[in-house]
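**Student:** Pasting entry12.csv below, which is CSV, C-alpha atoms.
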chain,number,residue,atom,x,y,z
A,1,MET,CA,4.4,-3.9,-17.7
A,2,LEU,CA,6.3,-2.9,-20.8
A,3,THR,CA,5.9,0.7,-19.8
A,4,GLU,CA,6.4,2.6,-16.6
A,5,PRO,CA,3.1,3.1,-14.7
A,6,ARG,CA,2.1,6.7,-14.4
A,7,SER,CA,1.7,6.2,-10.7
A,8,GLY,CA,5.4,5.1,-10.5
A,9,ARG,CA,6.6,8.2,-12.3
A,10,LEU,CA,4.5,10.4,-10.1
A,11,ALA,CA,5.6,8.7,-6.9
A,12,ALA,CA,9.3,8.5,-7.9
A,13,TRP,CA,9.7,12.1,-9.1
A,14,GLY,CA,7.3,13.5,-6.5
A,15,ASN,CA,9.6,11.9,-3.8
A,16,ALA,CA,12.7,13.4,-5.5
A,17,LEU,CA,11.0,16.8,-5.4
A,18,LEU,CA,9.9,16.5,-1.7
A,19,ALA,CA,13.5,15.5,-0.8
A,20,GLY,CA,15.0,18.5,-2.7
A,21,PHE,CA,16.8,16.4,-5.3
A,22,VAL,CA,15.0,18.0,-8.3
A,23,SER,CA,13.3,21.2,-9.2
A,24,PRO,CA,9.5,21.4,-9.6
A,25,ASP,CA,9.9,21.9,-13.4
A,26,ASP,CA,12.1,18.9,-13.8
A,27,ALA,CA,9.8,16.7,-11.6
A,28,VAL,CA,6.7,17.7,-13.6
A,29,LEU,CA,8.5,17.2,-16.9
A,30,ALA,CA,9.5,13.7,-15.9
A,31,VAL,CA,6.0,12.8,-14.6
A,32,VAL,CA,4.2,14.0,-17.7
A,33,GLY,CA,6.6,12.2,-20.0
A,34,GLU,CA,4.9,11.9,-23.5
A,35,ASP,CA,1.5,12.8,-22.2
A,36,ALA,CA,0.0,16.2,-23.2
A,37,VAL,CA,-0.9,17.4,-19.7
A,38,HIS,CA,-1.6,16.2,-16.2
A,39,ARG,CA,-4.0,17.8,-13.8
A,40,VAL,CA,-5.2,17.1,-10.2
A,41,GLU,CA,-8.9,17.2,-9.3
A,42,GLY,CA,-10.3,17.2,-5.8
A,43,LEU,CA,-7.3,18.7,-4.1
A,44,PRO,CA,-8.2,20.2,-0.6
A,45,GLY,CA,-8.7,23.9,-0.9
A,46,GLU,CA,-9.2,23.9,-4.7
A,47,THR,CA,-12.6,24.0,-6.5
A,48,ALA,CA,-11.3,23.1,-9.9
A,49,PRO,CA,-8.5,20.9,-11.4
A,50,VAL,CA,-5.0,22.4,-11.0
A,51,GLY,CA,-1.7,21.8,-12.7
A,52,LEU,CA,0.8,19.3,-11.4
A,53,THR,CA,3.3,21.9,-10.2
A,54,LEU,CA,0.7,23.6,-8.0
A,55,ALA,CA,-0.7,20.2,-6.8
A,56,LEU,CA,2.7,18.9,-5.7
A,57,GLY,CA,3.4,22.1,-3.8
A,58,ARG,CA,0.0,22.0,-2.2
A,59,LEU,CA,0.4,18.4,-1.1
A,60,ARG,CA,3.8,19.3,0.5
A,61,ALA,CA,2.1,22.3,2.3
A,62,LEU,CA,-0.6,19.9,3.6
A,63,GLY,CA,2.0,17.8,5.2
A,64,VAL,CA,2.8,15.1,2.6
A,65,THR,CA,6.3,13.7,3.2
A,66,GLY,CA,6.4,10.9,0.7
A,67,LEU,CA,4.4,9.1,-2.0
A,68,ARG,CA,3.8,5.3,-2.3
A,69,VAL,CA,2.5,3.3,-5.3
A,70,ALA,CA,-0.3,0.8,-5.4
A,71,LEU,CA,-0.7,-1.6,-8.4
A,72,PRO,CA,-3.8,-3.6,-7.6
A,73,ALA,CA,-5.4,-6.4,-9.7
A,74,PRO,CA,-8.6,-8.4,-9.2
A,75,GLY,CA,-8.2,-10.4,-6.0
A,76,HIS,CA,-4.9,-8.6,-5.1
A,77,PRO,CA,-5.2,-5.2,-3.5
A,78,LEU,CA,-1.5,-4.6,-3.8
A,79,GLY,CA,-0.4,-1.4,-2.0
A,80,LEU,CA,-3.9,-0.3,-1.0
A,81,SER,CA,-5.2,0.4,2.5
A,82,GLY,CA,-8.8,1.4,1.9
A,83,PRO,CA,-11.4,2.6,2.2
A,84,PRO,CA,-13.4,0.5,-0.3
A,85,GLU,CA,-14.4,3.5,-2.4
A,86,PHE,CA,-10.8,4.4,-3.1
A,87,ASN,CA,-9.8,0.8,-3.6
A,88,ALA,CA,-12.5,0.3,-6.2
A,89,ARG,CA,-11.3,3.3,-8.2
A,90,ALA,CA,-7.7,2.2,-7.9
A,91,LEU,CA,-8.6,-1.3,-9.0
A,92,GLU,CA,-10.4,0.1,-12.1
A,93,ALA,CA,-7.3,2.2,-13.0
A,94,GLU,CA,-5.0,-0.7,-12.0
A,95,GLU,CA,-2.8,1.9,-10.2
A,96,ALA,CA,-2.8,4.6,-7.6
A,97,VAL,CA,-0.5,6.9,-5.5
A,98,ILE,CA,-0.9,7.0,-1.7
A,99,CYS,CA,0.3,10.0,0.2
A,100,HIS,CA,2.5,9.5,3.3
A,101,GLY,CA,1.8,12.0,6.1
A,102,VAL,CA,-1.7,12.9,5.0
A,103,ALA,CA,-4.6,10.6,4.4
A,104,LEU,CA,-5.0,11.2,0.7
A,105,GLY,CA,-4.6,9.2,-2.5
A,106,LEU,CA,-4.4,9.9,-6.2
A,107,VAL,CA,-6.0,7.8,-8.9
A,108,PRO,CA,-5.3,8.6,-12.6
A,109,GLU,CA,-8.0,8.9,-15.3
A,110,VAL,CA,-6.5,8.7,-18.7
A,111,SER,CA,-8.2,10.1,-21.9
A,112,GLU,CA,-7.2,10.5,-25.5
A,113,ALA,CA,-8.2,13.4,-27.7
A,114,GLY,CA,-7.4,14.6,-31.2
A,115,PRO,CA,-7.7,13.2,-34.8
A,116,ALA,CA,-6.2,9.9,-35.9
A,117,GLY,CA,-2.4,10.3,-36.2
A,118,ASP,CA,-2.4,13.3,-33.9
A,119,VAL,CA,-3.8,11.8,-30.7
A,120,HIS,CA,-2.7,13.3,-27.4
A,121,VAL,CA,-3.1,11.9,-23.9
A,122,GLU,CA,-4.5,13.8,-21.0
A,123,VAL,CA,-4.4,12.6,-17.4
A,124,VAL,CA,-6.6,13.8,-14.5
A,125,TRP,CA,-5.5,12.6,-11.1
A,126,HIS,CA,-8.5,12.3,-8.7
A,127,CYS,CA,-7.5,13.2,-5.1
A,128,LEU,CA,-9.5,11.1,-2.6
A,129,PRO,CA,-9.4,10.2,1.1
A,130,VAL,CA,-7.6,7.1,2.1
A,131,ARG,CA,-7.3,5.1,5.2
A,132,GLU,CA,-4.1,5.4,7.2
A,133,ALA,CA,-3.0,1.8,7.5
A,134,PRO,CA,-0.2,-0.4,6.3
A,135,PRO,CA,-0.4,-1.1,2.5
A,136,ALA,CA,-1.4,-4.5,1.5
A,137,ASP,CA,1.1,-7.2,0.5
A,138,VAL,CA,4.1,-5.0,-0.1
A,139,PRO,CA,7.4,-6.9,0.4
A,140,SER,CA,10.7,-5.4,1.4
A,141,LEU,CA,13.3,-4.8,-1.2
A,142,GLY,CA,15.3,-7.8,-0.1
A,143,GLU,CA,12.2,-10.1,-0.3
A,144,ALA,CA,11.3,-8.7,-3.7
A,145,GLU,CA,14.8,-9.3,-5.1
A,146,ARG,CA,14.8,-12.9,-3.9
A,147,GLU,CA,11.3,-13.6,-5.3
A,148,LEU,CA,12.2,-12.0,-8.6
A,149,ALA,CA,15.3,-14.2,-9.2
A,150,GLU,CA,13.1,-17.3,-8.8
A,151,ALA,CA,10.3,-15.7,-10.9
A,152,LEU,CA,12.6,-15.0,-13.8
A,153,ARG,CA,13.7,-18.7,-13.8
A,154,GLU,CA,10.1,-19.8,-13.6
A,155,ALA,CA,8.9,-17.5,-16.4
A,156,THR,CA,11.6,-18.7,-18.7
A,157,SER,CA,10.9,-22.3,-17.8
A,158,VAL,CA,7.1,-21.9,-18.3
A,159,LEU,CA,7.5,-20.2,-21.7
A,160,SER,CA,9.7,-23.0,-22.9
A,161,ARG,CA,7.6,-25.8,-21.5
A,162,LEU,CA,4.4,-24.4,-23.1
A,163,ASP,CA,6.1,-23.7,-26.4
A,164,VAL,CA,5.0,-20.1,-26.2
A,165,ALA,CA,6.4,-17.7,-28.8
A,166,GLY,CA,8.3,-15.5,-26.4
A,167,SER,CA,11.0,-17.7,-25.1
A,168,GLY,CA,13.3,-17.6,-28.1
A,169,PRO,CA,14.8,-15.0,-30.5
A,170,ALA,CA,11.6,-13.0,-30.7
A,171,ALA,CA,11.7,-12.5,-27.0
A,172,GLU,CA,15.3,-11.6,-26.9
A,173,ALA,CA,14.8,-9.0,-29.7
A,174,ALA,CA,11.9,-7.4,-27.8
A,175,ILE,CA,14.0,-7.3,-24.7
A,176,ASP,CA,16.9,-5.7,-26.5
A,177,ALA,CA,14.5,-3.1,-28.0
A,178,TYR,CA,13.1,-2.4,-24.6
A,179,ARG,CA,16.5,-1.9,-23.1
A,180,ALA,CA,17.5,0.4,-26.0
A,181,ARG,CA,14.4,2.6,-25.4
A,182,ALA,CA,15.2,2.8,-21.7
A,183,GLU,CA,18.8,3.8,-22.3
A,184,ARG,CA,17.8,6.5,-24.8
A,185,GLY,CA,16.3,8.7,-22.2
A,186,ARG,CA,14.5,7.2,-19.2
A,187,ASP,CA,15.9,7.1,-15.7
A,188,VAL,CA,14.7,3.9,-14.1
A,189,LEU,CA,14.0,5.8,-10.9
A,190,ALA,CA,14.4,9.4,-9.8
A,191,PRO,CA,17.4,10.8,-7.8
A,192,GLY,CA,17.4,9.8,-4.2
A,193,TYR,CA,16.5,6.2,-4.5
A,194,PRO,CA,18.8,3.5,-3.2
A,195,PRO,CA,20.7,1.5,-5.8
A,196,ARG,CA,19.0,-1.7,-4.7
A,197,ALA,CA,15.6,-0.2,-5.6
A,198,VAL,CA,16.9,0.6,-9.1
A,199,ARG,CA,18.1,-3.0,-9.5
A,200,VAL,CA,14.9,-4.5,-8.3
A,201,LEU,CA,12.8,-2.3,-10.6
A,202,GLU,CA,14.9,-3.2,-13.6
A,203,LEU,CA,14.5,-6.9,-12.9
A,204,ALA,CA,10.8,-6.6,-12.2
A,205,GLN,CA,10.4,-4.9,-15.6
A,206,ARG,CA,12.3,-7.7,-17.3
A,207,VAL,CA,10.1,-10.3,-15.7
A,208,GLY,CA,7.0,-8.3,-16.5
A,209,LEU,CA,8.2,-8.1,-20.1
A,210,LEU,CA,8.5,-11.8,-20.4
A,211,VAL,CA,5.0,-12.3,-19.1
A,212,SER,CA,3.6,-9.7,-21.5
A,213,LEU,CA,5.3,-11.4,-24.4
A,214,ALA,CA,3.7,-14.7,-23.4
A,215,VAL,CA,0.3,-13.1,-23.2
A,216,GLU,CA,0.6,-11.2,-26.5
A,217,ARG,CA,2.3,-13.9,-28.6
A,218,GLY,CA,1.2,-17.1,-26.9
A,219,ALA,CA,-1.9,-17.7,-29.0
A,220,GLY,CA,-0.1,-16.8,-32.3
A,221,PRO,CA,1.9,-18.9,-34.7
A,222,GLY,CA,4.2,-21.2,-32.7
A,223,GLY,CA,2.4,-20.5,-29.5
A,224,ALA,CA,-0.3,-22.3,-27.5
A,225,VAL,CA,-2.8,-23.8,-29.9
A,226,SER,CA,-5.6,-25.1,-27.7
A,227,ALA,CA,-7.9,-23.7,-25.0
A,228,SER,CA,-6.4,-26.0,-22.4
A,229,GLU,CA,-2.9,-24.9,-23.3
A,230,ILE,CA,-3.9,-21.2,-23.2
A,231,ALA,CA,-5.5,-21.8,-19.8
A,232,GLY,CA,-2.4,-23.6,-18.6
A,233,ARG,CA,-0.1,-20.8,-19.7
A,234,GLY,CA,-2.2,-18.2,-17.9
A,235,ALA,CA,-2.4,-20.2,-14.7
A,236,ALA,CA,1.4,-20.8,-14.8
A,237,LEU,CA,2.3,-17.2,-15.4
A,238,ARG,CA,-0.2,-15.5,-13.1
A,239,PRO,CA,2.0,-16.0,-9.9
A,240,VAL,CA,5.1,-14.7,-11.9
A,241,GLU,CA,3.2,-11.6,-12.9
A,242,ARG,CA,2.1,-11.1,-9.3
A,243,VAL,CA,5.7,-11.3,-8.1
A,244,ALA,CA,6.8,-8.7,-10.7
A,245,ARG,CA,4.0,-6.3,-9.6
A,246,ARG,CA,4.9,-6.7,-5.9
A,247,ALA,CA,8.5,-6.0,-6.7
A,248,GLN,CA,7.7,-2.9,-8.7
A,249,VAL,CA,5.7,-1.5,-5.8
A,250,ALA,CA,8.5,-2.3,-3.3
A,251,ALA,CA,11.0,-0.5,-5.6
A,252,TYR,CA,8.9,2.7,-6.0
A,253,ASN,CA,8.0,2.7,-2.3
A,254,ALA,CA,11.7,2.3,-1.2
A,255,TYR,CA,12.2,6.0,-0.7
A,256,VAL,CA,9.4,6.2,1.9
A,257,GLU,CA,10.5,3.0,3.6
A,258,GLU,CA,14.1,4.2,3.8
A,259,ARG,CA,13.0,7.5,5.2
A,260,GLU,CA,10.8,5.9,7.9
A,261,ARG,CA,13.7,3.6,8.9
A,262,GLY,CA,16.0,6.6,9.2
A,263,LEU,CA,13.5,8.4,11.4
A,264,GLU,CA,13.1,5.4,13.6
A,265,ARG,CA,16.9,5.1,14.1
A,266,GLY,CA,17.1,8.8,14.8
How does the structure come out when it is put into structure tokens?
**Tutor:**
Amino acid sequence: MLTEPRSGRLAAWGNALLAGFVSPDDAVLAVVGEDAVHRVEGLPGETAPVGLTLALGRLRALGVTGLRVALPAPGHPLGLSGPPEFNARALEAEEAVICHGVALGLVPEVSEAGPAGDVHVEVVWHCLPVREAPPADVPSLGEAERELAEALREATSVLSRLDVAGSGPAAEAAIDAYRARAERGRDVLAPGYPPRAVRVLELAQRVGLLVSLAVERGAGPGGAVSASEIAGRGAALRPVERVARRAQVAAYNAYVEERERGLERG
């Protein structure tokens, strides 16, 4: 969770485009990021993969009014609604985008090409049918914020208790570097999102960073030194990672949720 999921960028900036807050060029530039190119395959009415600008326009013409994120993991189909074929592909990719208004979903397939030192990343989004049903296990923003506050305390406590390299100066340095990268040119969310969603996503990323540091550094010098300690660390941090993923999905999906509530009140 050190980096933004591609599904999060596509949903956030796709929502901003659908709402008229950004131009198609700006939305696509933000979604592609440092990748070389993104294409969409399997779009209704198209016989070959198409560029992201055309794909987003076609989805809007088909009736898509918003985009949601799914970040599933084994045993946790977070944000998914079926069918099993789509869920399986999303689980393999560990992420997906679900269209609101039309029963379609998008799953990324990432590939690298080029010689060592000059590798570029290409992404093909596979457009597939989905089931129109409530997404699995997605909390409200309020629930996510409350869970995250507790998860942050728990993550810090677990790292200290297990003596994992990641709870001291090394962790703080990594967090500072992460913040600096974010401040140099990445919006946490696209225009149009409520401030609470931005706050929740920032906190979810911080919690996810602490968990990632534990996983990456826990078995190194100063970290867990036995199989039982490594197993204990994983078991203790798994619920924390789950909370962070749920909060990320809640933040990215806040645009669609807010829009639905507005329509209900209207």
**Student:** Counting only C-alpha atoms, what is within 7 Å of segment 49-65 of chain A, bar same-chain residues fewer than 2 positions away, as a PyMOL selection string?
**Tutor:** chain A and resi 18+24+28+38-42+99-102
**Student:** I want to know what sits within 8 Å of Phe86 of chain A, based on only C-alpha atoms, with residues of the same chain fewer than 3 positions away left out; could you give that as a ChimeraX atom specification?
**Tutor:** /A:82-83,89-90,105,128-130
**Student:** Could you name the residues that touch Leu203 of chain A at 9 Å or less, counting only C-alpha atoms, but leaving out those on the same chain fewer than 3 positions away, as a PyMOL selection string?
**Tutor:** chain A and resi 145+148-149+152+198-200+206-208+244+247-248
**Student:** Store the residues picked out above in a file with C-alpha atoms, as a PDB file, in the coordinates of the input.
**Tutor:**
ATOM      1  CA  GLU A 145      14.800  -9.300  -5.100  1.00  0.00           C
ATOM      2  CA  LEU A 148      12.200 -12.000  -8.600  1.00  0.00           C
ATOM      3  CA  ALA A 149      15.300 -14.200  -9.200  1.00  0.00           C
ATOM      4  CA  LEU A 152      12.600 -15.000 -13.800  1.00  0.00           C
ATOM      5  CA  VAL A 198      16.900   0.600  -9.100  1.00  0.00           C
ATOM      6  CA  ARG A 199      18.100  -3.000  -9.500  1.00  0.00           C
ATOM      7  CA  VAL A 200      14.900  -4.500  -8.300  1.00  0.00           C
ATOM      8  CA  ARG A 206      12.300  -7.700 -17.300  1.00  0.00           C
ATOM      9  CA  VAL A 207      10.100 -10.300 -15.700  1.00  0.00           C
ATOM     10  CA  GLY A 208       7.000  -8.300 -16.500  1.00  0.00           C
ATOM     11  CA  ALA A 244       6.800  -8.700 -10.700  1.00  0.00           C
ATOM     12  CA  ALA A 247       8.500  -6.000  -6.700  1.00  0.00           C
ATOM     13  CA  GLN A 248       7.700  -2.900  -8.700  1.00  0.00           C
TER      14      GLN A 248
END
**Student:** Which of these residues is nearest to Pro135 of chain A, using all atoms listed in the file: A:Ala88, A:Val211, A:Leu189, A:Leu71?
**Tutor:**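 Closest to Pro135 of chain A, using all atoms listed in the file: A:Leu71.
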**Student:** Could you tell me which of A:Gly20, A:Pro195, A:Gly142, A:Gly79 comes closest to Ser7 of chain A if we count all atoms listed in the file?
**Tutor:**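 Under the stated criterion, the closest residue is A:Gly79.
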**Student:** Interatomic distance between atom CA of Pro5 of chain A and atom CA of Val110 of chain A?
**Tutor:**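 Atom-to-atom, atom CA of Pro5 of chain A to atom CA of Val110 of chain A, that is 11.8 Å.
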**Student:** For Pro194 of chain A, list every protein, DNA or RNA residue within 12 Å, evaluated using all atoms listed in the file, and leave out those in the same chain fewer than 4 positions away; present the list as a ChimeraX atom specification.
**Tutor:** /A:12,16,141,188-190,198-201,250-259
**Student:** One decimal, Å: what's the distance from atom CA of His126 of chain A over to atom CA of Ala197 of chain A, could you say?
**Tutor:**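 One can read the atom CA of His126 of chain A to atom CA of Ala197 of chain A distance as 27.3 Å.
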**Student:** Atom CA of Phe21 of chain A and atom CA of Arg146 of chain A are how many Å apart?
**Tutor:**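 Rounded to one decimal, the two atoms are 29.4 Å apart.
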**Student:** Of the candidates A:Arg196, A:Arg131, A:Arg261, A:Arg153, which shows the shortest atom-to-atom distance to Val240 of chain A, using only C-alpha atoms?
**Tutor:**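 Of the candidates, the smallest distance to Val240 of chain A is held by A:Arg153.
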